[in-house]
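Engineer: Here you go, final_24.cif (mmCIF, C-alpha atoms and all ligand atoms):
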```cif
data_work
loop_
_atom_site.label_atom_id
_atom_site.label_comp_id
_atom_site.auth_asym_id
_atom_site.auth_seq_id
_atom_site.Cartn_x
_atom_site.Cartn_y
_atom_site.Cartn_z
CA MET A 1 68.12 -46.69 -35.74
CA ILE A 2 67.96 -43.08 -34.57
CA ARG A 3 66.09 -42.83 -31.30
CA PHE A 4 64.00 -39.84 -30.36
CA ASN A 5 65.98 -39.22 -27.17
CA LYS A 6 69.14 -40.67 -25.68
CA PRO A 7 70.03 -39.50 -22.15
CA TYR A 8 73.60 -38.19 -22.04
CA PHE A 9 75.96 -38.65 -19.11
CA THR A 10 79.11 -36.57 -18.86
CA GLY A 11 81.15 -39.32 -17.12
CA LYS A 12 81.48 -37.42 -13.83
CA GLU A 13 78.12 -38.57 -12.43
CA GLN A 14 79.51 -41.79 -10.94
CA GLN A 15 82.42 -39.97 -9.32
CA TYR A 16 80.13 -37.50 -7.59
CA ILE A 17 77.72 -40.24 -6.51
CA GLN A 18 80.70 -42.09 -5.00
CA GLU A 19 81.76 -38.89 -3.26
CA ALA A 20 78.32 -38.44 -1.78
CA LEU A 21 78.38 -42.06 -0.57
CA ARG A 22 81.96 -42.32 0.68
CA GLU A 23 83.16 -38.84 1.62
CA HIS A 24 80.07 -37.03 2.66
CA ARG A 25 78.16 -40.14 3.84
CA HIS A 26 74.98 -38.30 3.08
CA LEU A 27 72.18 -39.97 1.15
CA SER A 28 69.20 -38.02 2.40
CA GLY A 29 68.15 -34.60 1.17
CA ASN A 30 69.91 -31.27 1.57
CA GLY A 31 73.45 -32.69 1.60
CA HIS A 32 76.67 -31.38 0.04
CA PHE A 33 75.58 -31.63 -3.62
CA THR A 34 72.04 -30.37 -3.01
CA LYS A 35 73.50 -27.20 -1.48
CA LYS A 36 75.97 -26.78 -4.36
CA VAL A 37 73.24 -27.19 -6.98
CA GLN A 38 70.86 -24.82 -5.19
CA GLN A 39 73.56 -22.15 -4.82
CA GLU A 40 74.46 -22.46 -8.49
CA PHE A 41 70.82 -21.97 -9.54
CA GLU A 42 70.47 -19.02 -7.15
CA ARG A 43 73.50 -17.50 -8.89
CA ILE A 44 72.26 -18.25 -12.44
CA LEU A 45 68.68 -17.09 -11.83
CA GLY A 46 69.25 -14.45 -9.18
CA SER A 47 66.46 -16.12 -7.14
CA ALA A 48 65.90 -15.42 -3.45
CA LYS A 49 65.96 -19.19 -2.89
CA CYS A 50 66.21 -22.37 -4.96
CA LEU A 51 65.10 -25.74 -3.63
CA MET A 52 65.75 -29.11 -5.23
CA ALA A 53 62.63 -31.26 -5.66
CA HIS A 54 61.85 -34.79 -6.80
CA SER A 55 60.48 -33.46 -10.06
CA CYS A 56 59.03 -30.41 -11.73
CA THR A 57 55.67 -31.92 -10.76
CA ALA A 58 56.72 -31.64 -7.09
CA ALA A 59 57.94 -28.05 -7.62
CA LEU A 60 54.54 -27.18 -9.11
CA GLU A 61 52.80 -28.83 -6.14
CA MET A 62 54.95 -26.77 -3.78
CA SER A 63 53.89 -23.67 -5.72
CA ALA A 64 50.21 -24.50 -5.26
CA LEU A 65 50.79 -24.96 -1.50
CA LEU A 66 52.76 -21.72 -1.25
CA LEU A 67 50.00 -19.78 -2.98
CA ASP A 68 47.41 -21.25 -0.59
CA ILE A 69 45.28 -22.40 -3.50
CA LYS A 70 41.81 -23.39 -2.21
CA PRO A 71 38.64 -24.85 -3.73
CA GLY A 72 37.01 -22.17 -5.85
CA ASP A 73 40.24 -20.39 -6.76
CA GLU A 74 40.91 -20.12 -10.47
CA VAL A 75 44.27 -20.80 -12.08
CA ILE A 76 44.88 -19.96 -15.73
CA MET A 77 47.27 -22.07 -17.82
CA PRO A 78 47.69 -23.26 -21.40
CA SER A 79 45.61 -26.21 -22.55
CA PHE A 80 48.60 -27.43 -24.57
CA THR A 81 50.84 -28.55 -21.71
CA PHE A 82 51.83 -31.54 -19.61
CA VAL A 83 49.28 -32.92 -17.10
CA SER A 84 51.43 -31.94 -14.11
CA THR A 85 50.92 -28.23 -14.77
CA ALA A 86 47.20 -28.77 -14.14
CA ASN A 87 47.29 -31.62 -11.59
CA ALA A 88 49.37 -29.64 -9.11
CA PHE A 89 46.61 -27.03 -8.78
CA MET A 90 43.69 -29.48 -9.17
CA LEU A 91 45.07 -31.31 -6.12
CA ARG A 92 44.40 -28.16 -4.08
CA GLY A 93 40.87 -27.90 -5.47
CA ALA A 94 41.48 -25.12 -7.99
CA ARG A 95 39.30 -24.61 -11.02
CA ILE A 96 41.56 -24.70 -14.07
CA VAL A 97 40.86 -22.12 -16.76
CA PHE A 98 42.56 -23.08 -19.99
CA CYS A 99 44.07 -20.60 -22.39
CA ASP A 100 44.49 -21.44 -26.08
CA SER A 101 47.84 -21.52 -27.91
CA ARG A 102 49.03 -18.82 -30.24
CA GLN A 103 48.42 -19.26 -33.93
CA ASP A 104 52.16 -18.91 -34.65
CA HIS A 105 53.44 -20.79 -31.61
CA PRO A 106 52.23 -23.61 -29.29
CA GLY A 107 52.75 -21.34 -26.25
CA MET A 108 49.77 -19.59 -24.67
CA ASN A 109 48.09 -16.68 -26.43
CA GLU A 110 49.09 -13.86 -24.10
CA LEU A 111 46.49 -11.52 -25.55
CA ALA A 112 43.64 -13.91 -24.67
CA LEU A 113 44.43 -13.74 -20.95
CA GLU A 114 42.53 -10.63 -20.00
CA GLU A 115 39.23 -12.22 -21.00
CA LEU A 116 39.98 -15.27 -18.82
CA ILE A 117 40.91 -13.34 -15.69
CA SER A 118 38.18 -13.05 -13.05
CA SER A 119 37.99 -11.89 -9.45
CA LYS A 120 38.74 -15.51 -8.47
CA THR A 121 41.98 -15.78 -10.47
CA LYS A 122 44.85 -16.53 -8.09
CA ALA A 123 47.63 -17.45 -10.50
CA ILE A 124 48.67 -17.72 -14.13
CA VAL A 125 50.96 -20.63 -14.92
CA VAL A 126 53.09 -19.78 -17.92
CA VAL A 127 54.66 -22.64 -19.91
CA HIS A 128 57.53 -21.64 -22.20
CA TYR A 129 56.92 -24.33 -24.80
CA ALA A 130 60.10 -25.82 -26.31
CA GLY A 131 62.08 -23.34 -24.22
CA VAL A 132 60.74 -20.42 -26.25
CA ALA A 133 59.69 -17.56 -23.96
CA CYS A 134 56.12 -16.34 -23.67
CA ASP A 135 55.82 -12.57 -23.95
CA MET A 136 56.14 -11.81 -20.25
CA ASP A 137 55.63 -8.04 -20.60
CA VAL A 138 52.29 -8.62 -22.33
CA ILE A 139 51.28 -11.10 -19.61
CA LYS A 140 52.19 -8.58 -16.89
CA ASP A 141 50.22 -5.91 -18.77
CA GLN A 142 47.14 -8.13 -18.88
CA ILE A 143 47.40 -8.72 -15.13
CA GLY A 144 47.80 -5.01 -14.46
CA ASN A 145 47.64 -4.22 -10.76
CA ARG A 146 45.52 -7.26 -9.84
CA ASN A 147 46.87 -9.54 -7.16
CA ILE A 148 47.68 -12.51 -9.45
CA VAL A 149 50.88 -14.52 -9.11
CA ILE A 150 52.85 -15.70 -12.14
CA VAL A 151 54.27 -19.23 -11.87
CA GLU A 152 56.62 -20.26 -14.67
CA ASP A 153 56.56 -23.92 -15.67
CA ALA A 154 60.13 -23.76 -16.95
CA ALA A 155 60.45 -27.53 -17.49
CA HIS A 156 61.70 -26.95 -21.08
CA SER A 157 63.43 -23.70 -20.35
CA ILE A 158 66.81 -24.13 -18.76
CA ASP A 159 69.38 -21.66 -20.14
CA SER A 160 66.78 -19.79 -22.17
CA PHE A 161 65.85 -16.13 -21.97
CA TYR A 162 63.11 -13.56 -22.33
CA LYS A 163 64.94 -10.44 -23.49
CA ASP A 164 67.92 -10.64 -21.09
CA LYS A 165 66.15 -12.45 -18.25
CA PRO A 166 66.59 -16.19 -17.63
CA LEU A 167 63.31 -18.09 -17.89
CA GLY A 168 62.19 -19.36 -14.50
CA SER A 169 63.41 -16.15 -12.83
CA ILE A 170 60.65 -13.80 -14.02
CA GLY A 171 57.50 -15.04 -12.28
CA GLN A 172 57.28 -15.03 -8.48
CA LEU A 173 57.93 -18.80 -8.72
CA GLY A 174 59.68 -20.92 -11.37
CA CYS A 175 59.64 -24.71 -11.74
CA PHE A 176 62.34 -26.72 -13.54
CA SER A 177 62.59 -30.38 -14.54
CA PHE A 178 65.67 -32.61 -14.78
CA HIS A 179 63.75 -35.61 -16.09
CA GLU A 180 65.87 -37.56 -18.54
CA THR A 181 63.91 -36.14 -21.48
CA LYS A 182 65.08 -32.59 -20.68
CA ASN A 183 68.39 -30.82 -21.49
CA ILE A 184 70.16 -31.18 -18.11
CA ILE A 185 69.18 -34.36 -16.31
CA SER A 186 69.24 -36.39 -13.11
CA GLY A 187 66.78 -39.13 -14.14
CA GLU A 188 63.94 -37.71 -12.12
CA GLY A 189 64.45 -34.33 -10.50
CA GLY A 190 63.23 -30.77 -10.36
CA LEU A 191 63.78 -27.42 -8.75
CA LEU A 192 61.64 -24.64 -7.33
CA ALA A 193 63.02 -21.14 -7.88
CA VAL A 194 61.55 -18.72 -5.35
CA ASN A 195 62.00 -15.32 -6.97
CA ASP A 196 59.79 -13.34 -4.62
CA ARG A 197 61.44 -13.11 -1.21
CA LYS A 198 58.10 -13.14 0.57
CA PHE A 199 57.77 -16.86 -0.22
CA SER A 200 61.31 -17.84 0.88
CA GLU A 201 60.76 -18.76 4.49
CA ARG A 202 57.57 -20.70 3.92
CA SER A 203 59.00 -22.55 0.90
CA GLU A 204 61.62 -24.17 3.13
CA ILE A 205 58.97 -25.21 5.64
CA ILE A 206 56.73 -26.79 3.00
CA TRP A 207 59.81 -28.54 1.58
CA GLU A 208 60.65 -30.03 5.01
CA LYS A 209 57.30 -31.62 5.89
CA GLY A 210 55.82 -28.47 7.40
CA THR A 211 58.60 -28.09 9.98
CA ASN A 212 61.08 -25.30 10.67
CA ARG A 213 63.92 -27.79 10.58
CA GLN A 214 66.09 -25.68 8.25
CA ALA A 215 65.89 -22.71 10.61
CA PHE A 216 66.80 -25.11 13.45
CA PHE A 217 69.89 -26.35 11.54
CA ARG A 218 70.96 -22.73 11.06
CA GLY A 219 70.58 -22.15 14.81
CA GLU A 220 67.74 -19.64 14.35
CA VAL A 221 65.33 -21.56 16.63
CA ASP A 222 66.21 -23.85 19.54
CA LYS A 223 63.94 -26.75 18.58
CA TYR A 224 62.12 -27.68 15.47
CA ASN A 225 58.39 -27.95 15.30
CA TRP A 226 55.44 -28.64 13.11
CA VAL A 227 54.54 -25.10 12.00
CA ASP A 228 52.59 -25.45 8.74
CA ILE A 229 51.42 -28.01 6.20
CA GLY A 230 54.06 -29.52 3.95
CA SER A 231 55.43 -32.72 2.52
CA SER A 232 58.75 -34.38 1.79
CA PHE A 233 59.80 -32.68 -1.42
CA LEU A 234 63.58 -32.95 -1.07
CA PRO A 235 65.31 -35.64 -3.13
CA SER A 236 68.29 -37.72 -2.06
CA ASP A 237 71.70 -36.08 -2.41
CA LEU A 238 72.52 -38.73 -5.05
CA ILE A 239 70.13 -36.98 -7.44
CA SER A 240 71.92 -33.68 -6.88
CA ALA A 241 75.32 -35.35 -7.29
CA THR A 242 74.20 -36.57 -10.73
CA LEU A 243 72.85 -33.13 -11.57
CA TRP A 244 76.06 -31.41 -10.49
CA ALA A 245 78.02 -33.36 -13.11
CA GLN A 246 75.56 -32.14 -15.73
CA LEU A 247 75.59 -28.53 -14.58
CA GLU A 248 79.38 -28.42 -14.87
CA LYS A 249 79.00 -29.33 -18.55
CA MET A 250 75.95 -27.23 -19.25
CA LYS A 251 77.68 -24.89 -21.68
CA GLU A 252 78.95 -27.77 -23.83
CA ILE A 253 75.61 -29.61 -23.73
CA GLN A 254 73.72 -26.48 -24.69
CA GLU A 255 76.08 -25.55 -27.53
CA LYS A 256 75.65 -28.98 -29.09
CA ARG A 257 71.87 -29.00 -28.71
CA VAL A 258 71.54 -25.51 -30.17
CA SER A 259 73.76 -26.47 -33.12
CA ILE A 260 71.46 -29.43 -33.85
CA TRP A 261 68.41 -27.15 -33.63
CA ARG A 262 69.97 -24.65 -36.04
CA ARG A 263 70.94 -27.43 -38.47
CA TYR A 264 67.33 -28.65 -38.62
CA HIS A 265 66.07 -25.10 -39.06
CA GLU A 266 68.52 -24.35 -41.88
CA ASN A 267 68.03 -27.69 -43.69
CA LEU A 268 64.24 -27.57 -43.56
CA LYS A 269 63.59 -23.90 -44.25
CA ASP A 270 62.37 -24.42 -47.82
CA LEU A 271 59.68 -26.85 -46.68
CA GLU A 272 57.42 -24.01 -45.57
CA SER A 273 56.32 -23.76 -49.20
CA TYR A 274 54.60 -27.14 -48.63
CA GLY A 275 52.33 -25.59 -46.03
CA LEU A 276 54.01 -26.88 -42.91
CA ALA A 277 55.34 -24.61 -40.20
CA LEU A 278 58.78 -24.63 -38.58
CA PRO A 279 59.25 -23.23 -35.06
CA TYR A 280 58.67 -19.50 -34.83
CA ILE A 281 61.05 -17.63 -32.53
CA PRO A 282 59.87 -14.13 -31.53
CA GLU A 283 62.62 -11.50 -31.33
CA TYR A 284 62.38 -11.38 -27.52
CA ALA A 285 63.01 -15.14 -27.13
CA SER A 286 66.20 -17.21 -27.23
CA ILE A 287 66.77 -20.77 -28.47
CA ASN A 288 67.94 -23.39 -25.94
CA GLY A 289 67.88 -26.47 -28.16
CA HIS A 290 65.27 -28.25 -26.06
CA MET A 291 63.12 -29.41 -28.94
CA TYR A 292 62.79 -29.23 -32.71
CA TYR A 293 59.31 -29.67 -34.11
CA LEU A 294 57.27 -29.36 -37.29
CA VAL A 295 53.62 -28.41 -37.48
CA LEU A 296 52.11 -30.45 -40.30
CA ARG A 297 49.00 -29.86 -42.37
CA ASP A 298 46.83 -32.37 -40.55
CA GLN A 299 46.93 -35.50 -38.44
CA GLU A 300 46.89 -37.78 -41.47
CA GLN A 301 49.98 -36.15 -42.93
CA ARG A 302 51.68 -36.41 -39.54
CA SER A 303 50.88 -40.14 -39.25
CA SER A 304 52.25 -40.88 -42.69
CA LEU A 305 55.44 -38.91 -41.99
CA ILE A 306 55.91 -40.77 -38.67
CA LYS A 307 55.44 -44.07 -40.53
CA ASP A 308 57.81 -43.08 -43.31
CA LEU A 309 60.54 -42.01 -40.86
CA LYS A 310 60.07 -45.16 -38.77
CA LYS A 311 60.44 -47.34 -41.87
CA ASN A 312 63.77 -45.57 -42.39
CA GLY A 313 64.88 -46.09 -38.79
CA VAL A 314 64.06 -42.65 -37.37
CA MET A 315 61.81 -42.19 -34.35
CA ALA A 316 59.77 -38.99 -34.38
CA VAL A 317 56.97 -38.47 -31.88
CA PHE A 318 54.01 -36.20 -31.28
CA HIS A 319 53.46 -34.36 -28.03
CA TYR A 320 50.71 -33.17 -25.65
CA GLN A 321 47.06 -33.94 -26.12
CA ASP A 322 44.92 -30.86 -25.49
CA LEU A 323 44.11 -31.01 -21.75
CA ASN A 324 40.78 -29.25 -22.06
CA SER A 325 39.38 -32.11 -24.16
CA SER A 326 41.01 -34.86 -22.04
CA PRO A 327 38.75 -37.57 -20.57
CA TYR A 328 39.48 -36.41 -17.01
CA PHE A 329 38.83 -32.73 -17.59
CA GLN A 330 35.59 -33.57 -19.37
CA THR A 331 34.38 -35.37 -16.24
CA GLN A 332 35.12 -32.10 -14.40
CA GLY A 333 32.76 -30.20 -16.66
CA GLY A 334 35.31 -29.13 -19.26
CA SER A 335 35.28 -25.48 -20.21
CA ARG A 336 32.90 -23.37 -22.25
CA THR A 337 35.10 -23.01 -25.30
CA GLN A 338 37.23 -25.36 -27.35
CA GLN A 339 40.92 -24.57 -27.56
CA LYS A 340 41.17 -24.59 -31.33
CA GLU A 341 44.91 -23.92 -31.71
CA SER A 342 45.83 -26.27 -28.88
CA ILE A 343 43.85 -29.05 -30.61
CA ARG A 344 45.64 -28.25 -33.87
CA TYR A 345 49.06 -28.65 -32.19
CA SER A 346 47.89 -31.87 -30.51
CA ASN A 347 47.00 -33.28 -33.91
CA ASN A 348 49.68 -31.82 -36.16
CA LEU A 349 52.87 -31.19 -34.19
CA LEU A 350 55.75 -33.63 -34.64
CA ARG A 351 58.99 -33.64 -32.61
CA LEU A 352 62.24 -34.73 -34.27
CA PRO A 353 65.16 -36.51 -32.55
CA LEU A 354 67.32 -34.10 -30.54
CA TYR A 355 69.94 -35.18 -28.02
CA PHE A 356 73.56 -34.38 -27.24
CA GLU A 357 75.04 -37.38 -29.02
CA LEU A 358 73.07 -36.89 -32.22
CA GLU A 359 75.58 -36.05 -34.97
CA LEU A 360 75.02 -33.27 -37.47
CA ASP A 361 75.32 -35.72 -40.37
CA GLU A 362 72.53 -37.76 -38.78
CA VAL A 363 70.46 -34.57 -38.66
CA ASP A 364 71.21 -34.12 -42.36
CA SER A 365 69.98 -37.65 -43.16
CA ILE A 366 66.80 -37.12 -41.12
CA CYS A 367 66.19 -33.88 -43.03
CA SER A 368 66.77 -35.59 -46.41
CA LEU A 369 64.12 -38.18 -45.49
CA ILE A 370 61.67 -35.43 -44.59
CA ILE A 371 62.39 -33.43 -47.74
CA ASP A 372 61.96 -36.61 -49.84
CA PHE A 373 58.65 -37.28 -48.16
CA PHE A 374 57.32 -33.88 -49.19
CA GLU A 375 58.75 -33.98 -52.70
CA LYS A 376 57.25 -37.43 -53.31
CA GLY A 377 54.00 -36.31 -51.73
CA GLU A 378 53.71 -33.41 -54.12
CA LYS A 379 54.02 -35.74 -57.12
CA LEU A 380 51.40 -38.11 -55.71
CA HIS A 381 48.88 -35.47 -54.65
CA PRO A 382 49.69 -32.32 -56.59
CA HIS A 383 46.50 -30.58 -55.47
CA SER A 384 46.56 -31.43 -51.80
CA ILE A 385 49.70 -29.46 -51.01
CA LYS A 386 49.95 -25.73 -51.40
C1 LIG A 401 58.41 -32.59 -18.22
C2 LIG A 401 57.42 -31.55 -17.85
C3 LIG A 401 56.86 -31.46 -16.57
C4 LIG A 401 57.09 -32.51 -15.52
O1 LIG A 401 58.39 -32.66 -15.18
P1 LIG A 401 58.76 -33.85 -14.15
O2 LIG A 401 60.12 -33.43 -13.68
O3 LIG A 401 58.78 -35.10 -14.94
O4 LIG A 401 57.76 -33.83 -13.08
C5 LIG A 401 56.01 -30.43 -16.28
N1 LIG A 401 55.69 -29.51 -17.20
C6 LIG A 401 56.19 -29.56 -18.45
C7 LIG A 401 55.81 -28.48 -19.43
C8 LIG A 401 57.05 -30.60 -18.83
O5 LIG A 401 57.50 -30.69 -20.07
#
```
Using structure tokens, write down the structure from this file.
Structural biologist:
Amino acid sequence: MIRFNKPYFTGKEQQYIQEALREHRHLSGNGHFTKKVQQEFERILGSAKCLMAHSCTAALEMSALLLDIKPGDEVIMPSFTFVSTANAFMLRGARIVFCDSRQDHPGMNELALEELISSKTKAIVVVHYAGVACDMDVIKDQIGNRNIVIVEDAAHSIDSFYKDKPLGSIGQLGCFSFHETKNIISGEGGLLAVNDRKFSERSEIIWEKGTNRQAFFRGEVDKYNWVDIGSSFLPSDLISATLWAQLEKMKEIQEKRVSIWRRYHENLKDLESYGLALPYIPEYASINGHMYYLVLRDQEQRSSLIKDLKKNGVMAVFHYQDLNSSPYFQTQGGSRTQQKESIRYSNNLLRLPLYFELELDEVDSICSLIIDFFEKGEKLHPHSIK
């Protein structure tokens, strides 16, 4: 059986966990490995400050606190995303304004933003779906000189680029996830990249329960106090020890994942004549091997392909359900318009297995099954497939 995802461990995780336990004797947050990981991300991203968090969800919640989101503020984000993107801002009382996906890509339609922006818009949360960059220059153009902050939900986007800029380093704030379904993992885990220096000092305070404890540790103040609101966002050093082992091997992990992605793309390229779409990569975006997906003709075709693959021992899964039409958002009044493309991706998008230990010959067998499915389908229903 080929699973959809299999978390990969490099073998060094246990050693670093042992080190944290035995040598450093530090289990709480902000220990030896946390500092190493944060410094490494500051180097990679060029951020003013990077802070480890329990999850990308927590990093998004920190963002909402940092931006002082209040009831009545509007936050624009794609409707085709994970619930955490929206929850983090809903928790502060924001009104979520959903943006539809692009016709050629599940990411948000950058050109639709201007119409959604109002005098109440505080932030735009950009999600680089499947690690494929949104067109950040177009988004900045739409914002113009308004005072609107860009937050990048970079949960899929480690080691991926917009032009030559790493994703997660472009908005004033960037949020990463190291959940075991992502490329580089620590089980649960996330990181807030503070790219705009004006948020640096306060980000540390929010991270440390609203206290200036970090400044106290650095000897900048003589006692630490409650100075703002905050929470406990810092994970145990064991999480960072696990992550450090992964970061050391990032290049190898990424090369393998990208080679799997390219193999799928090469093997399946002729299927577009059957009316399905393969991932579209704009010239300004890179590939980071986070996800390989197909966009099928309709939900029925997707269900029968899932069934067919499952019968042959391959697990393929769909993804987000359009948030705008979710039961919860409907109780909140929903929004005026339906997100037509987002609904289409909710119904028709199918993700194929992609993980470090997946072998290229396994990718080939998965592709043969898919190609067979379409070739058989054409014989059975010659008129239903263009
Ligand atoms: C996985 C994911 C998250 C949440 O990440 P956690 O680390 O599990 O909180 C948020 N946004 C997107 C787009 C994701 O894919």
Engineer: Let me make sure I understand: among A:Thr181, A:Thr211, A:Ser240, A:Gln172, which one has the smallest atom-to-atom distance to Gly29 (chain A) if we use only C-alpha atoms?
Structural biologist: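 Ranking A:Thr181, A:Thr211, A:Ser240, A:Gln172 by distance to Gly29 (chain A), first place goes to A:Ser240.
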Engineer: From the options A:Tyr345, A:Phe4, A:Tyr274, A:Tyr129, which residue's atoms come nearest to ligand LIG 401 (chain A), counting all atoms listed in the file?
Structural biologist: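 Smallest distance to ligand LIG 401 (chain A) is found for A:Tyr129.
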Engineer: Residues within 7 Å of ligand LIG 401 (chain A), counting all atoms listed in the file: report them as a CSV table (one decimal) with C-alpha atoms, in the coordinates of the input.
Structural biologist:
```
chain,number,residue,atom,x,y,z
A,55,SER,CA,60.5,-33.5,-10.1
A,56,CYS,CA,59.0,-30.4,-11.7
A,57,THR,CA,55.7,-31.9,-10.8
A,58,ALA,CA,56.7,-31.6,-7.1
A,81,THR,CA,50.8,-28.6,-21.7
A,82,PHE,CA,51.8,-31.5,-19.6
A,84,SER,CA,51.4,-31.9,-14.1
A,85,THR,CA,50.9,-28.2,-14.8
A,127,VAL,CA,54.7,-22.6,-19.9
A,129,TYR,CA,56.9,-24.3,-24.8
A,153,ASP,CA,56.6,-23.9,-15.7
A,154,ALA,CA,60.1,-23.8,-17.0
A,155,ALA,CA,60.4,-27.5,-17.5
A,156,HIS,CA,61.7,-27.0,-21.1
A,177,SER,CA,62.6,-30.4,-14.5
A,178,PHE,CA,65.7,-32.6,-14.8
A,179,HIS,CA,63.8,-35.6,-16.1
A,188,GLU,CA,63.9,-37.7,-12.1
A,189,GLY,CA,64.4,-34.3,-10.5
A,190,GLY,CA,63.2,-30.8,-10.4
```
Engineer: Using all atoms listed in the file, list the residues that have an atom at most 9 Å from (64.1, -32.4, 3.1), coordinates as in the file, as a list in words.
Structural biologist: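 Collected hits near the coordinates: Ser28, Gly29, Asn30, Ala53, Glu204, Trp207, Glu208, Lys209, Arg213, Gln214, Ser231, Ser232, Phe233, Leu234, Pro235 and Ser236 of chain A.
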Engineer: List the spatial neighbours of Val194 (chain A) as JSON, numbers by chain - criterion: any atom at most 6 Å away, all atoms listed in the file, same-chain residues fewer than 5 positions off excluded.
Structural biologist: {"A": [47, 48, 49, 50, 173]}
Engineer: Figure out the distance between CA of Met62 (chain A) and CA of Leu191 (chain A), please, to one decimal in Å.
Structural biologist: 10.2 Å
Engineer: Can you work out the spacing between CA of Leu323 (chain A) and CA of Leu352 (chain A) in Å, to one decimal?
Structural biologist: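 It comes out at 22.3 Å.
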Engineer: Do a neighbour search on Ser346 (chain A) at 6 Å with only C-alpha atoms, toss out local chain neighbours closer than 4 positions, and write the hits as an MDAnalysis selection string.
Structural biologist: chainID A and resid 320:322
Engineer: Taking into account all atoms listed in the file, which residue in the set A:Gln254, A:Asn347, A:Asn267, A:Ser186 is nearest to Arg297 (chain A)?
Structural biologist: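 So, comparing all the options, the nearest one is A:Asn347.
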Engineer: Using all atoms listed in the file, pick whichever of A:Arg102, A:Arg25, A:Arg92, A:Arg336 has the shortest atom-to-atom distance to Lys70 (chain A).
Structural biologist: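 The answer is A:Arg92, which sits nearest to Lys70 (chain A).
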Engineer: Rank nothing, just name the residue among A:Arg3, A:His54, A:Arg302, A:Lys251 nearest to Asn348 (chain A), using only C-alpha atoms.
Structural biologist: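 Of all the options, A:Arg302 lies closest to Asn348 (chain A).
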Engineer: Rank A:Leu369, A:Leu113, A:Arg257, A:Phe356 by their smallest atom-to-atom distance to Lys311 (chain A), using only C-alpha atoms, and report the top residue only.
Structural biologist: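 Closest to Lys311 (chain A), using only C-alpha atoms: A:Leu369.
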Engineer: How many Å separate CA of Glu357 (chain A) from CA of Ala241 (chain A)?
Structural biologist: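 Spanning CA of Glu357 (chain A) to CA of Ala241 (chain A) is a straight-line distance of 21.8 Å.
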Engineer: Excluding Gly333 (chain A) and any residue of its chain fewer than 5 positions from it, enumerate the residues within 12 Å of it, using only C-alpha atoms, and give them as a list in words.
Structural biologist: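 After dropping sequence-adjacent residues, the list is Arg95, Ile96, Val97, Asn324, Ser325, Ser326, Pro327 and Tyr328 of chain A.
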Engineer: Given the point (66.0, -19.8, 8.2) in the coordinates of this file, which residues lie within 10 Å, counting all atoms listed in the file, and how would they look as a PyMOL selection string?
Structural biologist: chain A and resi 200-202+204-205+212-221
Engineer: Would you mind listing what lies within 10 Å of region 20-24 of chain A as an mmCIF file with C-alpha atoms, in the frame of the given file, with all atoms listed in the file counted and same-chain residues fewer than 5 positions away left out?
Structural biologist:
```
data_model
loop_
_atom_site.group_PDB
_atom_site.id
_atom_site.type_symbol
_atom_site.label_atom_id
_atom_site.label_comp_id
_atom_site.auth_asym_id
_atom_site.auth_seq_id
_atom_site.Cartn_x
_atom_site.Cartn_y
_atom_site.Cartn_z
ATOM 1 C CA GLN A 14 79.510 -41.790 -10.940
ATOM 2 C CA GLN A 15 82.420 -39.970 -9.320
ATOM 3 C CA GLY A 31 73.450 -32.690 1.600
ATOM 4 C CA HIS A 32 76.670 -31.380 0.040
ATOM 5 C CA PHE A 33 75.580 -31.630 -3.620
ATOM 6 C CA ASP A 237 71.700 -36.080 -2.410
ATOM 7 C CA LEU A 238 72.520 -38.730 -5.050
ATOM 8 C CA SER A 240 71.920 -33.680 -6.880
ATOM 9 C CA ALA A 241 75.320 -35.350 -7.290
#
```
Engineer: Kindly list the centre and edge lengths in Å, rounded to one decimal, for the axis-aligned box that covers all listed atoms of region 85-99 of chain A plus 4 Å on each of its six sides, as lines of an AutoDock Vina configuration file.
Structural biologist:
```
center_x = 45.1
center_y = -26.1
center_z = -13.2
size_x = 19.6
size_y = 19.0
size_z = 26.3
```
Engineer: Write out as a compact mmCIF listing (two decimals) with C-alpha atoms, keeping the file's coordinate frame each polymer residue whose atoms come within 10 Å of region 158-165 of chain A, counting only C-alpha atoms; drop sequence neighbours fewer than 4 positions from it.
Structural biologist:
```txt
# COMPACT_ATOMS: atom_id res chain seq x y z
CA ILE A 44 72.26 -18.25 -12.44
CA LEU A 45 68.68 -17.09 -11.83
CA GLY A 46 69.25 -14.45 -9.18
CA HIS A 128 57.53 -21.64 -22.20
CA ALA A 130 60.10 -25.82 -26.31
CA GLY A 131 62.08 -23.34 -24.22
CA VAL A 132 60.74 -20.42 -26.25
CA ALA A 133 59.69 -17.56 -23.96
CA CYS A 134 56.12 -16.34 -23.67
CA ASP A 135 55.82 -12.57 -23.95
CA MET A 136 56.14 -11.81 -20.25
CA ASP A 137 55.63 -8.04 -20.60
CA ALA A 154 60.13 -23.76 -16.95
CA SER A 169 63.41 -16.15 -12.83
CA ILE A 170 60.65 -13.80 -14.02
CA PHE A 176 62.34 -26.72 -13.54
CA SER A 177 62.59 -30.38 -14.54
CA PHE A 178 65.67 -32.61 -14.78
CA LYS A 182 65.08 -32.59 -20.68
CA ASN A 183 68.39 -30.82 -21.49
CA ILE A 184 70.16 -31.18 -18.11
CA MET A 250 75.95 -27.23 -19.25
CA LYS A 251 77.68 -24.89 -21.68
CA GLN A 254 73.72 -26.48 -24.69
CA PRO A 282 59.87 -14.13 -31.53
CA GLU A 283 62.62 -11.50 -31.33
CA TYR A 284 62.38 -11.38 -27.52
CA ALA A 285 63.01 -15.14 -27.13
CA SER A 286 66.20 -17.21 -27.23
CA ILE A 287 66.77 -20.77 -28.47
CA ASN A 288 67.94 -23.39 -25.94
CA GLY A 289 67.88 -26.47 -28.16
CA HIS A 290 65.27 -28.25 -26.06
```
